[in-house]
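The structure file protein-v1.txt is reproduced below (compact mmCIF, C-alpha atoms).
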```txt
# COMPACT_ATOMS: atom_id res chain seq x y z
CA MET A 1 0.00 0.00 0.00
CA THR A 2 1.30 3.47 -0.84
CA GLU A 3 1.92 6.25 1.67
CA TYR A 4 -1.33 7.82 0.44
CA GLY A 5 -3.14 4.58 1.16
CA VAL A 6 -1.85 4.41 4.73
CA LYS A 7 -2.88 8.02 5.38
CA ASN A 8 -6.31 7.50 3.83
CA ARG A 9 -7.00 4.44 5.94
CA ASP A 10 -5.72 6.11 9.10
CA LEU A 11 -8.04 9.11 8.72
CA ILE A 12 -11.01 6.94 7.80
CA ASP A 13 -10.38 4.73 10.85
CA LYS A 14 -10.39 7.85 13.05
CA TRP A 15 -13.71 8.95 11.55
CA LEU A 16 -15.19 5.50 12.15
CA ASP A 17 -14.01 5.64 15.77
CA PHE A 18 -15.72 9.03 16.05
CA LYS A 19 -18.98 7.53 14.75
CA LEU A 20 -18.75 4.59 17.15
CA ILE A 21 -17.45 6.28 20.32
CA ASP A 22 -18.44 9.95 20.14
CA GLN A 23 -21.73 9.64 18.27
CA GLY A 24 -22.66 6.25 19.72
CA LYS A 25 -23.49 4.64 16.38
CA SER A 26 -23.96 0.87 16.45
CA LYS A 27 -21.16 -1.51 15.48
CA THR A 28 -23.35 -2.72 12.60
CA THR A 29 -23.71 0.81 11.21
CA VAL A 30 -20.00 1.50 11.53
CA SER A 31 -19.18 -1.82 9.83
CA LYS A 32 -21.39 -0.85 6.87
CA TYR A 33 -19.58 2.48 6.60
CA ARG A 34 -16.26 0.65 6.66
CA VAL A 35 -17.26 -1.71 3.85
CA ASN A 36 -18.42 1.23 1.71
CA LEU A 37 -15.28 3.24 2.32
CA GLU A 38 -13.05 0.30 1.33
CA LYS A 39 -14.19 0.93 -2.25
CA PHE A 40 -13.49 4.63 -1.76
CA ILE A 41 -9.93 3.82 -0.63
CA ASP A 42 -9.47 1.64 -3.73
CA TYR A 43 -10.64 4.54 -5.90
CA LEU A 44 -8.25 6.98 -4.24
CA GLU A 45 -5.36 4.53 -4.60
CA SER A 46 -5.99 3.96 -8.30
CA SER A 47 -6.25 7.73 -8.84
CA LYS A 48 -3.16 8.47 -6.71
CA LEU A 49 -5.24 10.72 -4.46
CA SER A 50 -5.63 11.14 -0.73
CA VAL A 51 -8.54 12.32 1.40
CA LEU A 52 -6.54 15.53 1.88
CA SER A 53 -6.14 16.26 -1.84
CA VAL A 54 -9.37 14.89 -3.33
CA THR A 55 -11.60 17.50 -4.95
CA ARG A 56 -15.34 18.01 -5.27
CA ASP A 57 -15.17 16.73 -8.85
CA ASN A 58 -13.33 13.61 -7.68
CA LEU A 59 -16.05 12.88 -5.14
CA LYS A 60 -18.79 13.43 -7.72
CA GLU A 61 -17.00 11.02 -10.06
CA PHE A 62 -16.64 8.36 -7.35
CA CYS A 63 -20.24 8.60 -6.12
CA GLY A 64 -21.59 8.79 -9.65
CA MET A 65 -19.91 7.22 -12.65
CA HIS A 66 -17.37 5.11 -10.74
CA LEU A 67 -19.98 3.32 -8.60
CA PHE A 68 -22.30 3.08 -11.60
CA LYS A 69 -19.59 1.25 -13.57
CA LEU A 70 -19.22 -1.14 -10.64
CA GLY A 71 -22.84 -2.12 -11.25
CA LEU A 72 -24.23 -0.69 -8.01
CA SER A 73 -27.89 0.30 -7.99
CA PRO A 74 -29.01 3.84 -7.09
CA ARG A 75 -30.38 2.53 -3.79
CA THR A 76 -27.01 0.98 -2.90
CA ARG A 77 -25.05 4.05 -4.03
CA THR A 78 -27.05 6.16 -1.58
CA THR A 79 -25.25 4.52 1.35
CA PHE A 80 -21.87 5.32 -0.23
CA VAL A 81 -22.82 8.99 -0.64
CA SER A 82 -23.83 9.16 3.03
CA ALA A 83 -20.50 7.67 4.11
CA VAL A 84 -18.43 10.04 1.95
CA LYS A 85 -20.44 13.12 2.99
CA GLY A 86 -20.07 12.18 6.65
CA LEU A 87 -16.32 11.63 6.34
CA PHE A 88 -15.58 15.01 4.76
CA LYS A 89 -17.94 16.87 7.07
CA TRP A 90 -15.89 15.49 9.96
CA LEU A 91 -12.53 16.30 8.30
CA TYR A 92 -13.67 19.91 7.88
CA ALA A 93 -15.07 20.19 11.43
CA GLU A 94 -11.84 18.84 12.89
CA GLY A 95 -9.73 21.30 10.91
CA ILE A 96 -7.98 18.49 9.05
CA ARG A 97 -9.23 20.04 5.81
CA SER A 98 -9.92 23.72 5.25
CA ASP A 99 -12.88 22.91 3.01
CA ASN A 100 -15.64 20.34 2.66
CA PRO A 101 -15.72 19.06 -0.93
CA GLY A 102 -18.59 16.69 -0.14
CA TYR A 103 -21.06 19.27 1.14
CA ASP A 104 -23.30 19.25 -1.93
CA LEU A 105 -23.06 15.61 -3.00
CA VAL A 106 -26.55 14.45 -3.97
CA HIS A 107 -28.13 11.11 -3.19
CA PRO A 108 -29.27 9.25 -6.30
CA GLU A 109 -33.01 9.03 -6.79
CA TYR A 110 -34.65 5.66 -7.06
CA GLY A 111 -38.17 4.40 -7.20
CA LYS A 112 -39.53 2.99 -3.98
CA ARG A 113 -41.23 -0.37 -4.31
CA LEU A 114 -43.83 -1.75 -1.97
CA PRO A 115 -42.34 -4.63 0.02
CA ARG A 116 -43.34 -8.24 -0.54
CA VAL A 117 -45.75 -9.29 2.18
CA MET A 118 -46.59 -12.78 3.37
CA GLN A 119 -50.35 -13.28 3.23
CA LEU A 120 -52.37 -14.74 6.10
CA ASP A 121 -53.07 -17.89 4.06
CA HIS A 122 -49.33 -18.34 3.66
CA ALA A 123 -48.74 -17.81 7.38
CA LYS A 124 -51.40 -20.43 8.24
CA LYS A 125 -49.52 -23.00 6.19
CA LEU A 126 -46.05 -22.00 7.39
CA ILE A 127 -46.74 -22.11 11.13
CA LYS A 128 -47.99 -25.72 10.82
CA VAL A 129 -44.90 -27.07 9.07
CA PRO A 130 -42.47 -27.38 12.03
CA ASP A 131 -42.74 -30.79 13.70
CA MET A 132 -43.83 -30.08 17.28
CA ASN A 133 -42.69 -33.59 18.27
CA THR A 134 -39.06 -32.53 17.84
CA PHE A 135 -36.93 -29.96 19.64
CA MET A 136 -36.00 -28.23 16.37
CA GLY A 137 -39.66 -28.04 15.38
CA VAL A 138 -40.65 -26.46 18.70
CA ARG A 139 -37.80 -23.97 18.38
CA ASP A 140 -38.77 -23.06 14.81
CA ALA A 141 -42.43 -22.62 15.75
CA ALA A 142 -41.42 -20.30 18.60
CA ILE A 143 -39.28 -18.20 16.24
CA LEU A 144 -42.11 -17.99 13.72
CA GLY A 145 -44.42 -17.03 16.57
CA VAL A 146 -42.16 -14.10 17.47
CA LEU A 147 -41.84 -12.95 13.85
CA MET A 148 -45.58 -13.23 13.13
CA GLY A 149 -46.82 -12.10 16.51
CA CYS A 150 -44.45 -9.23 17.28
CA GLY A 151 -43.11 -8.07 13.90
CA LEU A 152 -39.48 -8.02 15.03
CA ARG A 153 -36.56 -7.54 12.70
CA VAL A 154 -34.61 -10.75 12.21
CA SER A 155 -31.56 -9.26 13.96
CA GLY A 156 -33.73 -8.60 17.01
CA VAL A 157 -34.97 -12.20 17.08
CA SER A 158 -31.47 -13.63 16.76
CA GLY A 159 -30.20 -11.33 19.51
CA LEU A 160 -32.80 -12.32 22.11
CA ASN A 161 -31.55 -13.69 25.43
CA ARG A 162 -33.41 -15.36 28.27
CA SER A 163 -33.49 -12.03 30.11
CA SER A 164 -35.25 -10.50 27.09
CA LEU A 165 -38.42 -12.36 28.07
CA ILE A 166 -40.67 -10.59 30.57
CA PHE A 167 -43.56 -12.75 31.78
CA GLN A 168 -46.12 -10.68 33.65
CA ASP A 169 -49.42 -11.47 35.39
CA MET A 170 -52.15 -9.17 34.08
CA ASP A 171 -55.25 -7.81 35.82
CA ASN A 172 -57.45 -10.26 33.89
CA GLY A 173 -55.75 -13.19 35.62
CA TYR A 174 -53.83 -14.28 32.53
CA GLU A 175 -50.10 -14.21 31.94
CA SER A 176 -48.63 -12.01 29.20
CA LEU A 177 -45.23 -11.93 27.53
CA PHE A 178 -43.22 -8.84 26.65
CA LEU A 179 -39.92 -8.90 24.75
CA ARG A 180 -37.05 -6.56 25.50
CA VAL A 181 -35.58 -6.12 22.02
CA ILE A 182 -32.38 -4.51 20.77
CA GLU A 183 -32.54 -3.85 17.04
CA LYS A 184 -31.45 -1.33 14.43
CA GLY A 185 -28.94 1.18 15.75
CA ASP A 186 -28.68 -0.70 19.08
CA LYS A 187 -32.00 0.85 20.12
CA GLU A 188 -33.89 -0.94 22.85
CA ARG A 189 -37.68 -1.25 23.00
CA ILE A 190 -40.37 -3.39 24.60
CA ALA A 191 -42.63 -5.45 22.32
CA PRO A 192 -45.83 -7.06 23.62
CA ALA A 193 -46.48 -10.60 22.42
CA PRO A 194 -49.87 -12.22 21.75
CA ALA A 195 -50.97 -15.29 23.72
CA GLU A 196 -50.08 -17.66 20.86
CA THR A 197 -46.49 -16.42 20.82
CA MET A 198 -46.27 -16.73 24.60
CA LEU A 199 -47.46 -20.35 24.58
CA LEU A 200 -45.04 -21.29 21.79
CA MET A 201 -42.25 -19.67 23.80
CA ARG A 202 -43.28 -21.59 26.93
CA ALA A 203 -43.20 -24.82 24.91
CA TYR A 204 -39.67 -24.03 23.74
CA LEU A 205 -38.37 -23.04 27.17
CA GLY A 206 -39.88 -26.15 28.71
CA HIS A 207 -38.49 -28.61 26.18
CA PRO A 208 -36.11 -31.03 27.93
CA GLU A 209 -33.54 -30.94 25.10
CA LEU A 210 -32.92 -27.23 25.66
CA SER A 211 -31.00 -28.10 28.84
CA ASP A 212 -28.48 -30.03 26.71
CA TYR A 213 -27.05 -26.70 25.50
CA ASP A 214 -24.65 -24.56 27.53
CA ARG A 215 -26.18 -21.19 26.67
CA SER A 216 -24.50 -19.21 29.45
CA ILE A 217 -23.20 -15.75 28.57
CA ASN A 218 -22.21 -12.65 30.53
CA ASN A 219 -24.22 -11.32 33.49
CA ASP A 220 -25.70 -14.75 34.28
CA ASP A 221 -27.78 -14.57 31.12
CA GLN A 222 -28.43 -17.19 28.44
CA VAL A 223 -28.76 -17.26 24.66
CA LEU A 224 -32.44 -17.76 23.79
CA PHE A 225 -32.67 -19.46 20.39
CA VAL A 226 -29.96 -22.07 19.85
CA ALA A 227 -28.46 -23.44 16.65
CA THR A 228 -28.91 -27.20 16.33
CA ASN A 229 -26.42 -27.69 13.48
CA ARG A 230 -23.06 -27.73 15.19
CA ASN A 231 -20.39 -26.73 12.67
CA ILE A 232 -17.72 -26.20 15.32
CA PRO A 233 -15.94 -28.63 17.68
CA PRO A 234 -18.08 -29.69 20.67
CA CYS A 235 -15.54 -28.17 23.07
CA ASP A 236 -16.18 -24.73 21.57
CA PHE A 237 -19.96 -25.07 21.30
CA HIS A 238 -21.11 -23.04 24.28
CA GLY A 239 -22.23 -19.52 25.13
CA GLU A 240 -22.51 -17.18 22.15
CA ALA A 241 -21.44 -19.99 19.82
CA THR A 242 -24.82 -21.66 20.40
CA ARG A 243 -26.82 -18.64 19.17
CA LEU A 244 -28.92 -19.14 16.04
CA GLY A 245 -27.77 -16.41 13.67
CA VAL A 246 -29.66 -14.30 11.16
CA GLY A 247 -28.62 -16.61 8.33
CA GLY A 248 -29.96 -19.62 10.21
CA ILE A 249 -33.37 -17.96 10.61
CA PHE A 250 -33.44 -17.11 6.90
CA ARG A 251 -32.66 -20.73 5.99
CA MET A 252 -35.27 -22.07 8.43
CA ILE A 253 -38.05 -19.97 6.87
CA LYS A 254 -36.96 -20.92 3.36
CA ARG A 255 -36.88 -24.62 4.24
CA HIS A 256 -40.33 -24.66 5.83
CA GLY A 257 -41.80 -22.34 3.19
CA GLU A 258 -40.64 -24.55 0.35
CA ALA A 259 -42.04 -27.58 2.17
CA CYS A 260 -45.55 -26.11 2.08
CA GLY A 261 -45.27 -24.63 -1.41
CA LEU A 262 -45.09 -20.92 -0.61
CA PRO A 263 -43.81 -18.50 -3.31
CA GLY A 264 -40.10 -17.79 -3.08
CA ASP A 265 -40.39 -14.01 -2.85
CA VAL A 266 -41.96 -14.18 0.64
CA LEU A 267 -39.59 -16.75 2.14
CA HIS A 268 -37.67 -14.31 4.31
CA PRO A 269 -38.17 -12.84 7.80
CA HIS A 270 -38.97 -9.33 6.57
CA ALA A 271 -42.03 -10.64 4.69
CA LEU A 272 -43.38 -11.71 8.08
CA ARG A 273 -42.55 -8.32 9.59
CA HIS A 274 -44.36 -6.59 6.72
CA MET A 275 -47.37 -8.87 7.28
CA PHE A 276 -47.43 -7.78 10.93
CA GLY A 277 -47.45 -4.10 9.96
CA MET A 278 -50.07 -4.59 7.25
CA GLU A 279 -52.42 -6.52 9.54
CA LEU A 280 -52.17 -3.79 12.17
CA ALA A 281 -53.12 -1.24 9.51
CA GLU A 282 -56.01 -3.44 8.31
CA SER A 283 -57.26 -3.56 11.91
CA ASP A 284 -57.31 0.26 12.15
CA VAL A 285 -54.50 0.46 14.70
CA ASP A 286 -53.39 4.09 15.00
CA ILE A 287 -50.41 4.93 12.78
CA LYS A 288 -48.36 6.17 15.76
CA GLU A 289 -49.05 2.94 17.63
CA ILE A 290 -47.90 0.94 14.58
CA GLN A 291 -44.73 3.05 14.53
CA LEU A 292 -44.13 2.22 18.20
CA LEU A 293 -44.86 -1.50 17.80
CA MET A 294 -42.55 -1.82 14.80
CA GLY A 295 -39.74 0.27 16.24
CA HIS A 296 -39.63 2.77 13.38
CA ALA A 297 -37.57 5.89 14.00
CA HIS A 298 -39.63 7.91 11.49
CA ILE A 299 -43.37 7.71 10.94
CA SER A 300 -42.78 8.10 7.18
CA THR A 301 -41.47 4.52 7.24
CA THR A 302 -44.66 3.34 8.92
CA THR A 303 -47.03 4.91 6.41
CA ILE A 304 -46.09 2.31 3.79
CA TYR A 305 -48.33 -0.15 5.64
CA LEU A 306 -51.32 2.05 4.95
CA HIS A 307 -50.62 1.45 1.25
CA LEU A 308 -50.38 -2.30 1.83
CA ALA A 309 -53.67 -2.54 3.72
CA MET A 310 -55.90 -3.34 0.76
CA ARG A 311 -58.61 -5.69 2.03
CA LYS A 312 -60.67 -2.98 3.70
CA LEU A 313 -60.21 -0.62 0.75
CA ALA A 314 -61.19 -3.41 -1.66
CA LYS A 315 -64.47 -3.88 0.21
CA LYS A 316 -65.17 -0.15 0.10
CA VAL A 317 -64.52 -0.09 -3.63
CA GLN A 318 -66.80 -3.08 -4.11
CA ASP A 319 -69.59 -1.42 -2.14
CA SER A 320 -69.17 2.13 -3.44
CA SER A 321 -67.77 2.19 -6.98
CA PRO A 322 -70.18 3.17 -9.80
CA ILE A 323 -69.89 -0.14 -11.64
CA SER A 324 -71.04 -1.97 -8.48
CA LYS A 325 -74.28 0.06 -8.47
CA ILE A 326 -75.48 -0.69 -11.99
CA ASP A 327 -76.44 -3.76 -13.97
CA THR A 328 -73.63 -5.11 -16.14
CA PRO A 329 -73.30 -8.19 -18.36
CA VAL A 330 -71.78 -10.09 -15.40
CA THR A 331 -74.23 -8.92 -12.71
CA PRO A 332 -76.38 -12.10 -12.89
CA PHE A 333 -73.25 -14.23 -12.51
CA LEU A 334 -72.12 -12.25 -9.43
CA ASN A 335 -75.57 -12.46 -7.86
CA ASP A 336 -75.52 -16.21 -8.37
CA LEU A 337 -72.13 -16.47 -6.67
CA LYS A 338 -73.33 -14.44 -3.70
CA SER A 339 -76.41 -16.58 -3.27
CA LYS A 340 -74.33 -19.77 -3.30
CA LYS A 341 -72.00 -18.36 -0.64
CA ARG A 342 -74.95 -17.56 1.61
CA LYS A 343 -76.16 -21.16 1.49
```
As structure tokens:
Amino acid sequence: MTEYGVKNRDLIDKWLDFKLIDQGKSKTTVSKYRVNLEKFIDYLESSKLSVLSVTRDNLKEFCGMHLFKLGLSPRTRTTFVSAVKGLFKWLYAEGIRSDNPGYDLVHPEYGKRLPRVMQLDHAKKLIKVPDMNTFMGVRDAAILGVLMGCGLRVSGVSGLNRSSLIFQDMDNGYESLFLRVIEKGDKERIAPAPAETMLLMRAYLGHPELSDYDRSINNDDQVLFVATNRNIPPCDFHGEATRLGVGGIFRMIKRHGEACGLPGDVLHPHALRHMFGMELAESDVDIKEIQLLMGHAHISTTTIYLHLAMRKLAKKVQDSSPISKIDTPVTPFLNDLKSKKRK
């Protein structure tokens, strides 16, 4: 690596430390910045530039044509622009540079697509696939119960510990479950769980095979969901090593979804999270309450579920649209269908 390369990496490392320590950004966020800026370092090296000499035109070239030639989509390039803008804003604020060449970098525009949502009919099939006569099946059903019943992000599910579960006796005489979740940006929140999720969790916690795993971690806590496929030596399979990771949850949903014939585009945890948000919207839950339950930082993110909630709107269109109020060539056929359904 050239002298320029060493200097570039040193300054970028200092900025990443600033994001992590001074601004309190999560390790995941900082890692994403680091990955993005590795490509920026490569660009500077190939152009024989440093972060101290790079110009506004250089930054525009990197964030635009250079990343475009690498085949990165506008959505992906947006994260690179944010990293570069943040780096040079810090260099200027710290007096390391006398100017900020990244101040007017623009984020590429891209069309926003509605997310793929798992339908209730799909969820009914999926939740019945895990074999409740096996430990793995009970575990998988409990994970699906958390995803469907609480709408957590997959990282939040994977990161759950035994102390994350709060069982509480309610005024109605029944027990309820609340989950203490740490998700995006290391933000902590409490998520209430429906009775079905609580019972699936109780079944998992009470399964005798769970005691076969040494799940102990710091502060007398325990990993919650364990990995059953041991790809490491038995002597090392304890504590954090037993945790079922994000990838394992993805593969579990794909395996069970394929087994019951679900379409491939909904075989991922976020499709279940989107279903949770959409069903809340269909049930007329207040938009601010949906925001709270889903852990969204901005309500603009939550409003997408209003666009996904179509069943109630479809009924209103059926009842109120002009074509529904007049006789058409297919009206007799529709009336016949309705009469058969009533029988």
For region 215-222 of chain A, take all atoms listed in the file, fit an axis-aligned box around them, add 5 Å to each of the six sides, then output centre and edge lengths in Å rounded to one decimal, as AutoDock Vina command-line options.
```
--center_x -25.3 --center_y -16.3 --center_z 30.5 --size_x 16.2 --size_y 19.9 --size_z 17.6
```
Write out as a PyMOL selection string which residues come within 10 Å of region 197-212 of chain A when counting all atoms listed in the file, dropping same-chain ones fewer than 2 positions away. chain A and resi 132+134-150+162+165+167+175-178+192-195+214-215+224-226
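Residues surrounding Ala297 (chain A) within 12 Å are Glu183, Lys184, Gly185, Lys187, Glu188, Arg189, Lys288, Ile290, Gln291, Leu292, Leu293, Met294, Ser300, Thr301 and Thr302 of chain A [only C-alpha atoms; sequence separation below 3 positions excluded].
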Near Tyr92 (chain A), within 12 Å and counting all atoms listed in the file, which residues show up once chain neighbours fewer than 5 positions away are dropped, as a list in words? Trp15, Val51, Leu52, Lys85, Gly86, Leu87, Arg97, Ser98, Asp99, Asn100, Pro101, Gly102 and Tyr103 of chain A
Could the residues of region 139-253 of chain A that have an atom at most 8 Å from region 267-273 of chain A be listed as a Markdown table, each with its closest atom pair and the distance in Å to one decimal, counting all atoms listed in the file and ordered by chain and ascending residue number?
```
| residue | atom | partner | partner_atom | distance |
| --- | --- | --- | --- | --- |
| A:Leu147 | CA | A:Leu272 | CA | 6.1 |
| A:Met148 | CA | A:Leu272 | CA | 5.7 |
| A:Cys150 | CA | A:Arg273 | CA | 8.0 |
| A:Gly151 | CA | A:Arg273 | CA | 4.4 |
| A:Leu152 | CA | A:Arg273 | CA | 6.3 |
| A:Arg153 | CA | A:Arg273 | CA | 6.8 |
| A:Val154 | CA | A:Pro269 | CA | 6.0 |
| A:Ile249 | CA | A:Pro269 | CA | 7.6 |
| A:Phe250 | CA | A:His268 | CA | 5.7 |
| A:Ile253 | CA | A:Leu267 | CA | 5.9 |
```
Computed interatomic separation between CA of His296 (chain A) and CA of Arg243 (chain A) (Å): 25.6 Å
